[in-house]
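File shown here: query05.pdb, holding PDB, C-alpha atoms.
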ATOM      1  CA  MET A 229      15.398 -12.203 -11.100  1.00  0.00           C
ATOM      2  CA  THR A 230      15.189 -13.530  -7.564  1.00  0.00           C
ATOM      3  CA  THR A 231      16.978 -16.556  -6.178  1.00  0.00           C
ATOM      4  CA  ALA A 232      13.639 -18.336  -5.821  1.00  0.00           C
ATOM      5  CA  ALA A 233      13.031 -18.302  -9.599  1.00  0.00           C
ATOM      6  CA  PRO A 234      14.554 -21.733 -10.359  1.00  0.00           C
ATOM      7  CA  GLN A 235      11.835 -23.370  -8.230  1.00  0.00           C
ATOM      8  CA  VAL A 236       9.022 -21.797 -10.162  1.00  0.00           C
ATOM      9  CA  PRO A 237       8.598 -24.317 -12.996  1.00  0.00           C
ATOM     10  CA  GLU A 238       8.406 -27.068 -10.359  1.00  0.00           C
ATOM     11  CA  LEU A 239       5.802 -25.104  -8.400  1.00  0.00           C
ATOM     12  CA  LEU A 240       3.784 -24.644 -11.577  1.00  0.00           C
ATOM     13  CA  ARG A 241       4.058 -28.320 -12.481  1.00  0.00           C
ATOM     14  CA  ALA A 242       2.894 -29.300  -9.001  1.00  0.00           C
ATOM     15  CA  LEU A 243      -0.016 -26.882  -9.226  1.00  0.00           C
ATOM     16  CA  TRP A 244      -0.945 -28.224 -12.665  1.00  0.00           C
ATOM     17  CA  GLY A 245      -0.936 -31.735 -11.228  1.00  0.00           C
ATOM     18  CA  GLN A 246      -3.369 -30.639  -8.516  1.00  0.00           C
ATOM     19  CA  ARG A 247      -5.680 -28.670 -10.797  1.00  0.00           C
ATOM     20  CA  LYS A 248      -5.605 -30.737 -13.979  1.00  0.00           C
ATOM     21  CA  GLY A 249      -8.596 -32.942 -13.106  1.00  0.00           C
ATOM     22  CA  ALA A 250     -10.923 -30.013 -12.428  1.00  0.00           C
ATOM     23  CA  ILE A 251      -9.741 -28.230 -15.559  1.00  0.00           C
ATOM     24  CA  ILE A 252     -10.415 -31.303 -17.712  1.00  0.00           C
ATOM     25  CA  GLU A 253     -13.907 -31.646 -16.192  1.00  0.00           C
ATOM     26  CA  ARG A 254     -14.568 -27.997 -17.031  1.00  0.00           C
ATOM     27  CA  LEU A 255     -13.402 -28.570 -20.597  1.00  0.00           C
ATOM     28  CA  GLU A 256     -15.675 -31.592 -20.857  1.00  0.00           C
ATOM     29  CA  ARG A 257     -18.668 -29.447 -19.833  1.00  0.00           C
ATOM     30  CA  VAL A 258     -17.870 -26.922 -22.558  1.00  0.00           C
ATOM     31  CA  GLU A 259     -17.510 -29.695 -25.128  1.00  0.00           C
ATOM     32  CA  ARG A 260     -20.864 -31.209 -24.076  1.00  0.00           C
ATOM     33  CA  ALA A 261     -22.620 -27.831 -24.272  1.00  0.00           C
ATOM     34  CA  LEU A 262     -21.324 -27.292 -27.810  1.00  0.00           C
ATOM     35  CA  LEU A 263     -22.429 -30.766 -28.895  1.00  0.00           C
ATOM     36  CA  THR A 264     -25.866 -30.749 -27.244  1.00  0.00           C
ATOM     37  CA  PRO A 265     -26.768 -27.102 -26.635  1.00  0.00           C
ATOM     38  CA  SER A 266     -30.488 -27.731 -26.205  1.00  0.00           C
ATOM     39  CA  GLY A 267     -30.018 -29.628 -22.959  1.00  0.00           C
ATOM     40  CA  ALA A 268     -27.113 -27.573 -21.646  1.00  0.00           C
ATOM     41  CA  ASP A 269     -26.775 -24.628 -19.310  1.00  0.00           C
ATOM     42  CA  LEU A 270     -25.171 -22.315 -21.854  1.00  0.00           C
ATOM     43  CA  VAL A 271     -24.511 -19.511 -19.378  1.00  0.00           C
ATOM     44  CA  SER A 272     -22.594 -21.873 -17.158  1.00  0.00           C
ATOM     45  CA  ALA A 273     -20.725 -23.306 -20.167  1.00  0.00           C
ATOM     46  CA  GLN A 274     -19.863 -19.762 -21.245  1.00  0.00           C
ATOM     47  CA  SER A 275     -18.404 -19.100 -17.803  1.00  0.00           C
ATOM     48  CA  ASP A 276     -16.435 -22.368 -17.973  1.00  0.00           C
ATOM     49  CA  ALA A 277     -15.073 -21.466 -21.414  1.00  0.00           C
ATOM     50  CA  HIS A 278     -14.100 -17.999 -20.200  1.00  0.00           C
ATOM     51  CA  LYS A 279     -12.168 -19.390 -17.246  1.00  0.00           C
ATOM     52  CA  LEU A 280     -10.423 -21.960 -19.434  1.00  0.00           C
ATOM     53  CA  ARG A 281      -9.505 -19.268 -21.930  1.00  0.00           C
ATOM     54  CA  GLY A 282      -7.736 -17.370 -19.170  1.00  0.00           C
ATOM     55  CA  VAL A 283      -6.103 -20.274 -17.413  1.00  0.00           C
ATOM     56  CA  LEU A 284      -4.922 -22.821 -20.006  1.00  0.00           C
ATOM     57  CA  GLY A 285      -2.384 -20.510 -21.615  1.00  0.00           C
ATOM     58  CA  THR A 286      -1.225 -19.420 -18.194  1.00  0.00           C
ATOM     59  CA  PHE A 287      -0.356 -23.063 -17.550  1.00  0.00           C
ATOM     60  CA  GLY A 288       1.515 -23.119 -20.865  1.00  0.00           C
ATOM     61  CA  PHE A 289      -1.236 -24.466 -23.138  1.00  0.00           C
ATOM     62  CA  GLN A 290      -1.576 -21.520 -25.497  1.00  0.00           C
ATOM     63  CA  GLU A 291      -3.574 -23.504 -28.054  1.00  0.00           C
ATOM     64  CA  GLY A 292      -5.991 -24.430 -25.269  1.00  0.00           C
ATOM     65  CA  SER A 293      -6.721 -20.770 -24.588  1.00  0.00           C
ATOM     66  CA  ILE A 294      -7.303 -20.182 -28.298  1.00  0.00           C
ATOM     67  CA  ILE A 295      -9.732 -23.109 -28.626  1.00  0.00           C
ATOM     68  CA  THR A 296     -11.686 -22.302 -25.479  1.00  0.00           C
ATOM     69  CA  GLY A 297     -11.726 -18.635 -26.535  1.00  0.00           C
ATOM     70  CA  ARG A 298     -13.467 -19.750 -29.734  1.00  0.00           C
ATOM     71  CA  ALA A 299     -15.911 -21.757 -27.618  1.00  0.00           C
ATOM     72  CA  GLU A 300     -16.613 -18.746 -25.402  1.00  0.00           C
ATOM     73  CA  ASP A 301     -17.223 -16.510 -28.429  1.00  0.00           C
ATOM     74  CA  LEU A 302     -19.658 -19.044 -29.938  1.00  0.00           C
ATOM     75  CA  LEU A 303     -21.530 -19.486 -26.653  1.00  0.00           C
ATOM     76  CA  ILE A 304     -21.833 -15.719 -26.159  1.00  0.00           C
ATOM     77  CA  ALA A 305     -23.041 -15.135 -29.732  1.00  0.00           C
ATOM     78  CA  ASP A 306     -25.439 -18.097 -29.377  1.00  0.00           C
ATOM     79  CA  ASP A 307     -26.137 -18.176 -33.114  1.00  0.00           C
ATOM     80  CA  PRO A 308     -29.343 -20.215 -33.642  1.00  0.00           C
ATOM     81  CA  ALA A 309     -27.737 -21.935 -36.655  1.00  0.00           C
ATOM     82  CA  ARG A 310     -24.961 -23.204 -34.355  1.00  0.00           C
ATOM     83  CA  GLN A 311     -22.447 -22.678 -37.126  1.00  0.00           C
ATOM     84  CA  GLY A 312     -18.989 -23.904 -36.125  1.00  0.00           C
ATOM     85  CA  TRP A 313     -20.138 -25.465 -32.858  1.00  0.00           C
ATOM     86  CA  ASP A 314     -19.373 -29.065 -33.887  1.00  0.00           C
ATOM     87  CA  GLU A 315     -15.923 -28.089 -35.136  1.00  0.00           C
ATOM     88  CA  VAL A 316     -14.980 -26.307 -31.904  1.00  0.00           C
ATOM     89  CA  ALA A 317     -16.435 -29.207 -29.888  1.00  0.00           C
ATOM     90  CA  ARG A 318     -14.068 -31.513 -31.809  1.00  0.00           C
ATOM     91  CA  GLN A 319     -11.166 -29.188 -31.029  1.00  0.00           C
ATOM     92  CA  CYS A 320     -12.146 -29.247 -27.344  1.00  0.00           C
ATOM     93  CA  ALA A 321     -12.248 -33.062 -27.468  1.00  0.00           C
ATOM     94  CA  SER A 322      -8.759 -33.222 -29.015  1.00  0.00           C
ATOM     95  CA  LEU A 323      -7.467 -30.799 -26.409  1.00  0.00           C
ATOM     96  CA  ARG A 324      -9.053 -32.822 -23.621  1.00  0.00           C
ATOM     97  CA  LEU A 325      -7.416 -36.018 -24.865  1.00  0.00           C
ATOM     98  CA  LEU A 326      -4.091 -34.205 -24.999  1.00  0.00           C
ATOM     99  CA  LEU A 327      -4.457 -33.073 -21.394  1.00  0.00           C
ATOM    100  CA  VAL A 328      -5.711 -36.469 -20.200  1.00  0.00           C
ATOM    101  CA  GLY A 329      -2.722 -38.019 -21.951  1.00  0.00           C
ATOM    102  CA  GLY A 330      -0.387 -36.094 -19.682  1.00  0.00           C
ATOM    103  CA  GLU A 331       0.834 -33.326 -21.946  1.00  0.00           C
ATOM    104  CA  GLU A 332       3.672 -31.549 -20.166  1.00  0.00           C
ATOM    105  CA  LEU A 333       3.763 -27.891 -19.294  1.00  0.00           C
ATOM    106  CA  GLN A 334       5.708 -25.651 -21.640  1.00  0.00           C
ATOM    107  CA  HIS A 335       7.174 -23.257 -19.086  1.00  0.00           C
ATOM    108  CA  THR A 336      10.923 -22.991 -19.128  1.00  0.00           C
ATOM    109  CA  ASN A 337      13.148 -22.077 -16.277  1.00  0.00           C
ATOM    110  CA  PRO A 338      15.109 -19.017 -17.402  1.00  0.00           C
ATOM    111  CA  ALA A 339      17.763 -19.532 -14.746  1.00  0.00           C
ATOM    112  CA  ALA A 340      18.370 -23.104 -15.894  1.00  0.00           C
ATOM    113  CA  GLU A 341      18.375 -22.056 -19.549  1.00  0.00           C
ATOM    114  CA  GLU A 342      20.952 -19.347 -18.859  1.00  0.00           C
ATOM    115  CA  SER A 343      23.238 -21.723 -17.017  1.00  0.00           C
ATOM    116  CA  LYS A 344      23.364 -24.218 -19.927  1.00  0.00           C
TER     117      LYS A 344
ATOM    118  CA  MET B  35       6.452   4.539  -7.098  1.00  0.00           C
ATOM    119  CA  ASN B  36       8.000   1.826  -4.970  1.00  0.00           C
ATOM    120  CA  LEU B  37       6.484  -1.554  -5.796  1.00  0.00           C
ATOM    121  CA  SER B  38       6.931  -4.126  -3.076  1.00  0.00           C
ATOM    122  CA  SER B  39       3.430  -5.478  -2.436  1.00  0.00           C
ATOM    123  CA  VAL B  40       0.551  -6.439  -4.705  1.00  0.00           C
ATOM    124  CA  LEU B  41      -3.034  -7.478  -4.009  1.00  0.00           C
ATOM    125  CA  LEU B  42      -4.469  -9.977  -6.523  1.00  0.00           C
ATOM    126  CA  VAL B  43      -8.243 -10.056  -6.825  1.00  0.00           C
ATOM    127  CA  ASP B  44      -9.628 -12.854  -9.007  1.00  0.00           C
ATOM    128  CA  ASP B  45     -12.503 -15.280  -8.533  1.00  0.00           C
ATOM    129  CA  GLU B  46     -10.648 -18.029 -10.388  1.00  0.00           C
ATOM    130  CA  ASP B  47      -8.492 -20.148  -8.047  1.00  0.00           C
ATOM    131  CA  ASP B  48      -6.072 -21.263 -10.752  1.00  0.00           C
ATOM    132  CA  ILE B  49      -5.319 -17.718 -11.851  1.00  0.00           C
ATOM    133  CA  ARG B  50      -4.792 -16.589  -8.255  1.00  0.00           C
ATOM    134  CA  PHE B  51      -2.449 -19.496  -7.543  1.00  0.00           C
ATOM    135  CA  VAL B  52      -0.357 -18.997 -10.698  1.00  0.00           C
ATOM    136  CA  ALA B  53      -0.230 -15.209 -10.385  1.00  0.00           C
ATOM    137  CA  GLU B  54       0.778 -15.520  -6.750  1.00  0.00           C
ATOM    138  CA  ILE B  55       3.644 -17.862  -7.673  1.00  0.00           C
ATOM    139  CA  SER B  56       4.664 -15.446 -10.403  1.00  0.00           C
ATOM    140  CA  LEU B  57       4.638 -12.288  -8.326  1.00  0.00           C
ATOM    141  CA  ARG B  58       5.976 -13.808  -5.116  1.00  0.00           C
ATOM    142  CA  ASP B  59       8.432 -16.469  -6.282  1.00  0.00           C
ATOM    143  CA  VAL B  60       9.583 -14.967  -9.563  1.00  0.00           C
ATOM    144  CA  GLY B  61       9.117 -11.272  -8.835  1.00  0.00           C
ATOM    145  CA  GLY B  62       9.992 -11.235  -5.166  1.00  0.00           C
ATOM    146  CA  LEU B  63       6.914  -9.184  -4.291  1.00  0.00           C
ATOM    147  CA  SER B  64       4.774  -9.510  -1.183  1.00  0.00           C
ATOM    148  CA  THR B  65       1.380 -10.725  -2.351  1.00  0.00           C
ATOM    149  CA  TYR B  66      -2.089 -10.701  -0.871  1.00  0.00           C
ATOM    150  CA  VAL B  67      -5.020 -12.468  -2.521  1.00  0.00           C
ATOM    151  CA  ALA B  68      -8.785 -12.042  -2.588  1.00  0.00           C
ATOM    152  CA  SER B  69     -11.410 -14.031  -4.475  1.00  0.00           C
ATOM    153  CA  SER B  70     -14.116 -11.389  -4.944  1.00  0.00           C
ATOM    154  CA  GLY B  71     -14.631  -7.655  -5.250  1.00  0.00           C
ATOM    155  CA  PRO B  72     -15.884  -7.167  -1.666  1.00  0.00           C
ATOM    156  CA  GLU B  73     -13.066  -9.314  -0.296  1.00  0.00           C
ATOM    157  CA  GLY B  74     -10.588  -7.305  -2.369  1.00  0.00           C
ATOM    158  CA  ILE B  75     -11.904  -4.006  -1.032  1.00  0.00           C
ATOM    159  CA  ASP B  76     -11.469  -5.225   2.549  1.00  0.00           C
ATOM    160  CA  ALA B  77      -7.996  -6.610   1.833  1.00  0.00           C
ATOM    161  CA  ALA B  78      -6.928  -3.355   0.156  1.00  0.00           C
ATOM    162  CA  ALA B  79      -8.018  -1.315   3.180  1.00  0.00           C
ATOM    163  CA  THR B  80      -6.331  -3.712   5.598  1.00  0.00           C
ATOM    164  CA  HIS B  81      -3.020  -4.336   3.815  1.00  0.00           C
ATOM    165  CA  GLN B  82      -2.571  -1.076   1.890  1.00  0.00           C
ATOM    166  CA  PRO B  83      -0.735  -2.750  -1.036  1.00  0.00           C
ATOM    167  CA  ASP B  84       1.329  -0.692  -3.453  1.00  0.00           C
ATOM    168  CA  LEU B  85      -0.775  -2.010  -6.358  1.00  0.00           C
ATOM    169  CA  ILE B  86      -3.957  -3.986  -7.008  1.00  0.00           C
ATOM    170  CA  VAL B  87      -4.298  -6.448  -9.896  1.00  0.00           C
ATOM    171  CA  LEU B  88      -8.026  -6.799 -10.423  1.00  0.00           C
ATOM    172  CA  ASP B  89      -9.913  -9.323 -12.543  1.00  0.00           C
ATOM    173  CA  MET B  90     -12.477  -7.650 -14.752  1.00  0.00           C
ATOM    174  CA  MET B  91     -15.111 -10.381 -14.977  1.00  0.00           C
ATOM    175  CA  MET B  92     -16.151 -11.624 -11.579  1.00  0.00           C
ATOM    176  CA  PRO B  93     -19.588 -12.781 -10.432  1.00  0.00           C
ATOM    177  CA  GLY B  94     -21.445 -10.311  -8.228  1.00  0.00           C
ATOM    178  CA  MET B  95     -19.252  -7.226  -8.039  1.00  0.00           C
ATOM    179  CA  ASP B  96     -17.214  -7.032 -11.251  1.00  0.00           C
ATOM    180  CA  GLY B  97     -13.840  -5.335 -11.655  1.00  0.00           C
ATOM    181  CA  MET B  98     -15.224  -1.979 -12.711  1.00  0.00           C
ATOM    182  CA  GLU B  99     -17.596  -1.721  -9.749  1.00  0.00           C
ATOM    183  CA  THR B 100     -14.794  -2.846  -7.433  1.00  0.00           C
ATOM    184  CA  LEU B 101     -12.576  -0.083  -8.822  1.00  0.00           C
ATOM    185  CA  PHE B 102     -15.292   2.527  -8.211  1.00  0.00           C
ATOM    186  CA  ARG B 103     -15.752   1.315  -4.625  1.00  0.00           C
ATOM    187  CA  LEU B 104     -11.987   1.424  -4.042  1.00  0.00           C
ATOM    188  CA  ARG B 105     -11.926   4.994  -5.298  1.00  0.00           C
ATOM    189  CA  GLU B 106     -14.741   6.004  -2.921  1.00  0.00           C
ATOM    190  CA  ASN B 107     -12.842   4.870   0.155  1.00  0.00           C
ATOM    191  CA  PRO B 108     -10.155   7.311   1.365  1.00  0.00           C
ATOM    192  CA  LEU B 109      -8.096   4.347   2.605  1.00  0.00           C
ATOM    193  CA  THR B 110      -7.906   2.825  -0.882  1.00  0.00           C
ATOM    194  CA  SER B 111      -8.604   5.672  -3.291  1.00  0.00           C
ATOM    195  CA  GLY B 112      -4.924   6.253  -4.091  1.00  0.00           C
ATOM    196  CA  ILE B 113      -3.908   2.648  -4.709  1.00  0.00           C
ATOM    197  CA  PRO B 114      -3.164   2.083  -8.412  1.00  0.00           C
ATOM    198  CA  VAL B 115      -5.140  -0.668 -10.148  1.00  0.00           C
ATOM    199  CA  ILE B 116      -4.265  -2.816 -13.145  1.00  0.00           C
ATOM    200  CA  PHE B 117      -7.113  -4.762 -14.704  1.00  0.00           C
ATOM    201  CA  MET B 118      -6.683  -8.328 -15.837  1.00  0.00           C
ATOM    202  CA  THR B 119      -9.066  -9.894 -18.333  1.00  0.00           C
ATOM    203  CA  ALA B 120      -9.326 -12.802 -20.732  1.00  0.00           C
ATOM    204  CA  ARG B 121     -11.686 -10.940 -22.998  1.00  0.00           C
ATOM    205  CA  ALA B 122     -11.139  -7.303 -23.886  1.00  0.00           C
ATOM    206  CA  GLN B 123     -11.806  -5.479 -27.117  1.00  0.00           C
ATOM    207  CA  HIS B 124      -9.653  -2.449 -27.910  1.00  0.00           C
ATOM    208  CA  HIS B 125     -12.437   0.014 -27.047  1.00  0.00           C
ATOM    209  CA  GLU B 126     -13.035  -1.778 -23.741  1.00  0.00           C
ATOM    210  CA  VAL B 127      -9.382  -1.373 -22.788  1.00  0.00           C
ATOM    211  CA  GLU B 128      -9.703   2.351 -23.478  1.00  0.00           C
ATOM    212  CA  ASP B 129     -12.826   2.455 -21.281  1.00  0.00           C
ATOM    213  CA  TYR B 130     -11.007   0.708 -18.424  1.00  0.00           C
ATOM    214  CA  VAL B 131      -8.091   3.113 -18.582  1.00  0.00           C
ATOM    215  CA  ALA B 132     -10.476   6.070 -18.786  1.00  0.00           C
ATOM    216  CA  ALA B 133     -12.180   4.735 -15.642  1.00  0.00           C
ATOM    217  CA  GLY B 134      -8.890   4.972 -13.779  1.00  0.00           C
ATOM    218  CA  ALA B 135      -7.020   1.706 -14.379  1.00  0.00           C
ATOM    219  CA  LEU B 136      -3.287   2.048 -15.012  1.00  0.00           C
ATOM    220  CA  ALA B 137      -3.352  -0.592 -17.715  1.00  0.00           C
ATOM    221  CA  VAL B 138      -4.985  -3.830 -18.790  1.00  0.00           C
ATOM    222  CA  ILE B 139      -3.156  -7.158 -18.782  1.00  0.00           C
ATOM    223  CA  THR B 140      -4.596  -9.880 -20.957  1.00  0.00           C
ATOM    224  CA  LYS B 141      -5.057 -13.441 -19.773  1.00  0.00           C
ATOM    225  CA  PRO B 142      -3.505 -15.846 -20.385  1.00  0.00           C
ATOM    226  CA  PHE B 143      -0.343 -14.317 -18.996  1.00  0.00           C
ATOM    227  CA  ASP B 144       3.120 -15.838 -18.812  1.00  0.00           C
ATOM    228  CA  PRO B 145       3.872 -16.588 -15.151  1.00  0.00           C
ATOM    229  CA  MET B 146       7.589 -16.256 -15.818  1.00  0.00           C
ATOM    230  CA  THR B 147       7.215 -12.650 -16.988  1.00  0.00           C
ATOM    231  CA  LEU B 148       4.022 -11.320 -15.349  1.00  0.00           C
ATOM    232  CA  HIS B 149       5.961  -9.621 -12.564  1.00  0.00           C
ATOM    233  CA  GLN B 150       8.151  -7.842 -15.107  1.00  0.00           C
ATOM    234  CA  GLN B 151       5.122  -6.785 -17.144  1.00  0.00           C
ATOM    235  CA  ILE B 152       3.660  -5.206 -14.014  1.00  0.00           C
ATOM    236  CA  LYS B 153       6.947  -3.584 -13.008  1.00  0.00           C
ATOM    237  CA  ASP B 154       7.312  -2.153 -16.522  1.00  0.00           C
ATOM    238  CA  ILE B 155       3.823  -0.637 -16.350  1.00  0.00           C
ATOM    239  CA  VAL B 156       4.606   0.947 -12.995  1.00  0.00           C
ATOM    240  CA  ALA B 157       8.018   2.169 -14.204  1.00  0.00           C
ATOM    241  CA  SER B 158       6.439   3.775 -17.255  1.00  0.00           C
ATOM    242  CA  LEU B 159       4.501   6.073 -14.931  1.00  0.00           C
ATOM    243  CA  ALA B 160       7.573   7.393 -13.157  1.00  0.00           C
TER     244      ALA B 160
END
Before we go any further, please render this structure as structure tokens.
Amino acid sequence: MTTAAPQVPELLRALWGQRKGAIIERLERVERALLTPSGADLVSAQSDAHKLRGVLGTFGFQEGSIITGRAEDLLIADDPARQGWDEVARQCASLRLLLVGGEELQHTNPAAEESK
Amino acid sequence: MNLSSVLLVDDEDDIRFVAEISLRDVGGLSTYVASSGPEGIDAAATHQPDLIVLDMMMPGMDGMETLFRLRENPLTSGIPVIFMTARAQHHEVEDYVAAGALAVITKPFDPMTLHQQIKDIVASLA
């Protein structure tokens, strides 16, 4: 561990604060595509879901990566029956509300934990 | 292999920012960043990092094509590459390793331990 490690959770929190708005907008686009696929750019929504899948868990929102991973899988499969699309759209909406509501990051600071 | 510098190549800003914090501030590594395959190839030739962490799915030149281009250039052909992806089936991971990647790291990653994950992969080759 380096001496800089204790600053890392703060750096991540600051970064989350800067990026949160764009991430929520991206999530909203995925949610909209799942709810109204006929008018949506599904390729773009698939790309949004893929990026969210990679990034949300990295910011500490593991459940967010799982939900957006489901969205990505549905958008890639593009099943004409749209089975499960409404359910995952609801999950995206719940996640979005959680993020809008200011859910805190889950990252811990190992150095601080060790010193307790 | 001595690991002191890493080049991160990812088109997603958030991933680059978090991975850079992880490798630089947690892991104490020198980091360089690039946001596309072509940019990564140039950065690899210029900075000669000890390792490249390369996103698999990027628009334009994807990770696999970037790896092939790196291998064609004598300046970059010997630099080890680890792929990073949010979506990889087991057989795809095998394909990536067969193509010359050291390993595949799955996104999302934990920024508090990413550096150690990478160091462990490198150490396992010694």
Around (11.0, -7.9, -15.3) in the file's frame, which residues reach within 12 Å when counting all atoms listed in the file? Return as a list of chain:residue names?
A:Met229, A:Thr230, B:Ser56, B:Leu57, B:Val60, B:Gly61, B:Gly62, B:Leu63, B:Asp144, B:Pro145, B:Met146, B:Thr147, B:Leu148, B:His149, B:Gln150, B:Gln151, B:Ile152, B:Lys153, B:Asp154, B:Ile155, B:Val156, B:Ala157
How would the residues just chosen look if you wrote them out with C-alpha atoms as a PDB file, keeping the file's coordinate frame?
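File produced: result.pdb:
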ATOM      1  CA  MET A 229      15.398 -12.203 -11.100  1.00  0.00           C
ATOM      2  CA  THR A 230      15.189 -13.530  -7.564  1.00  0.00           C
TER       3      THR A 230
ATOM      4  CA  SER B  56       4.664 -15.446 -10.403  1.00  0.00           C
ATOM      5  CA  LEU B  57       4.638 -12.288  -8.326  1.00  0.00           C
ATOM      6  CA  VAL B  60       9.583 -14.967  -9.563  1.00  0.00           C
ATOM      7  CA  GLY B  61       9.117 -11.272  -8.835  1.00  0.00           C
ATOM      8  CA  GLY B  62       9.992 -11.235  -5.166  1.00  0.00           C
ATOM      9  CA  LEU B  63       6.914  -9.184  -4.291  1.00  0.00           C
ATOM     10  CA  ASP B 144       3.120 -15.838 -18.812  1.00  0.00           C
ATOM     11  CA  PRO B 145       3.872 -16.588 -15.151  1.00  0.00           C
ATOM     12  CA  MET B 146       7.589 -16.256 -15.818  1.00  0.00           C
ATOM     13  CA  THR B 147       7.215 -12.650 -16.988  1.00  0.00           C
ATOM     14  CA  LEU B 148       4.022 -11.320 -15.349  1.00  0.00           C
ATOM     15  CA  HIS B 149       5.961  -9.621 -12.564  1.00  0.00           C
ATOM     16  CA  GLN B 150       8.151  -7.842 -15.107  1.00  0.00           C
ATOM     17  CA  GLN B 151       5.122  -6.785 -17.144  1.00  0.00           C
ATOM     18  CA  ILE B 152       3.660  -5.206 -14.014  1.00  0.00           C
ATOM     19  CA  LYS B 153       6.947  -3.584 -13.008  1.00  0.00           C
ATOM     20  CA  ASP B 154       7.312  -2.153 -16.522  1.00  0.00           C
ATOM     21  CA  ILE B 155       3.823  -0.637 -16.350  1.00  0.00           C
ATOM     22  CA  VAL B 156       4.606   0.947 -12.995  1.00  0.00           C
ATOM     23  CA  ALA B 157       8.018   2.169 -14.204  1.00  0.00           C
TER      24      ALA B 157
END
Evaluating the PyMOL selection byres ((chain B) within 6 of (chain A)) on the displayed file yields which residues, as number ranges by chain?
B: 59-60, 120, 141-144
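The residues caught by the PyMOL selection byres ((chain B and resi 66-74) around 7) in this file are Val40, Leu41, Leu42, Val43, Asp44, Asp45, Ser64, Thr65, Ile75, Asp76, Ala77, Ala78, Met92, Met95, Asp96, Gly97 and Thr100 of chain B.
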Separating atom CA of A:Lys248 from atom CA of A:Ile304, to the nearest tenth of an Å, is a gap of 25.2 Å
Taking (-2.3, -2.6, -6.4) as a centre in this file's frame and 9 Å as the limit, can you find every polymer residue with an atom that close, using all atoms listed in the file, and give them as a PyMOL selection string?
chain B and resi 37+39-42+78+82-88+113-116
Got a sec: who's within 12 Å of A:Leu325, counting all atoms listed in the file, leaving out chain neighbours fewer than 4 positions off, as a PyMOL selection string?
chain A and resi 252-253+255-256+259+292+318-321+329-331
With all atoms listed in the file as the counted atoms, please give the residues lying no more than 9 Å from A:Val316, apart from itself and same-chain residues fewer than 6 positions off, as a list of chain:residue names.
A:Glu259, A:Leu262, A:Ile295, A:Thr296, A:Arg298, A:Ala299, A:Leu302
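Distance check against B:Thr110 using all atoms listed in the file: of B:Ala79, B:Thr140, B:Gln123, B:Ala132, the minimum falls on B:Ala79.
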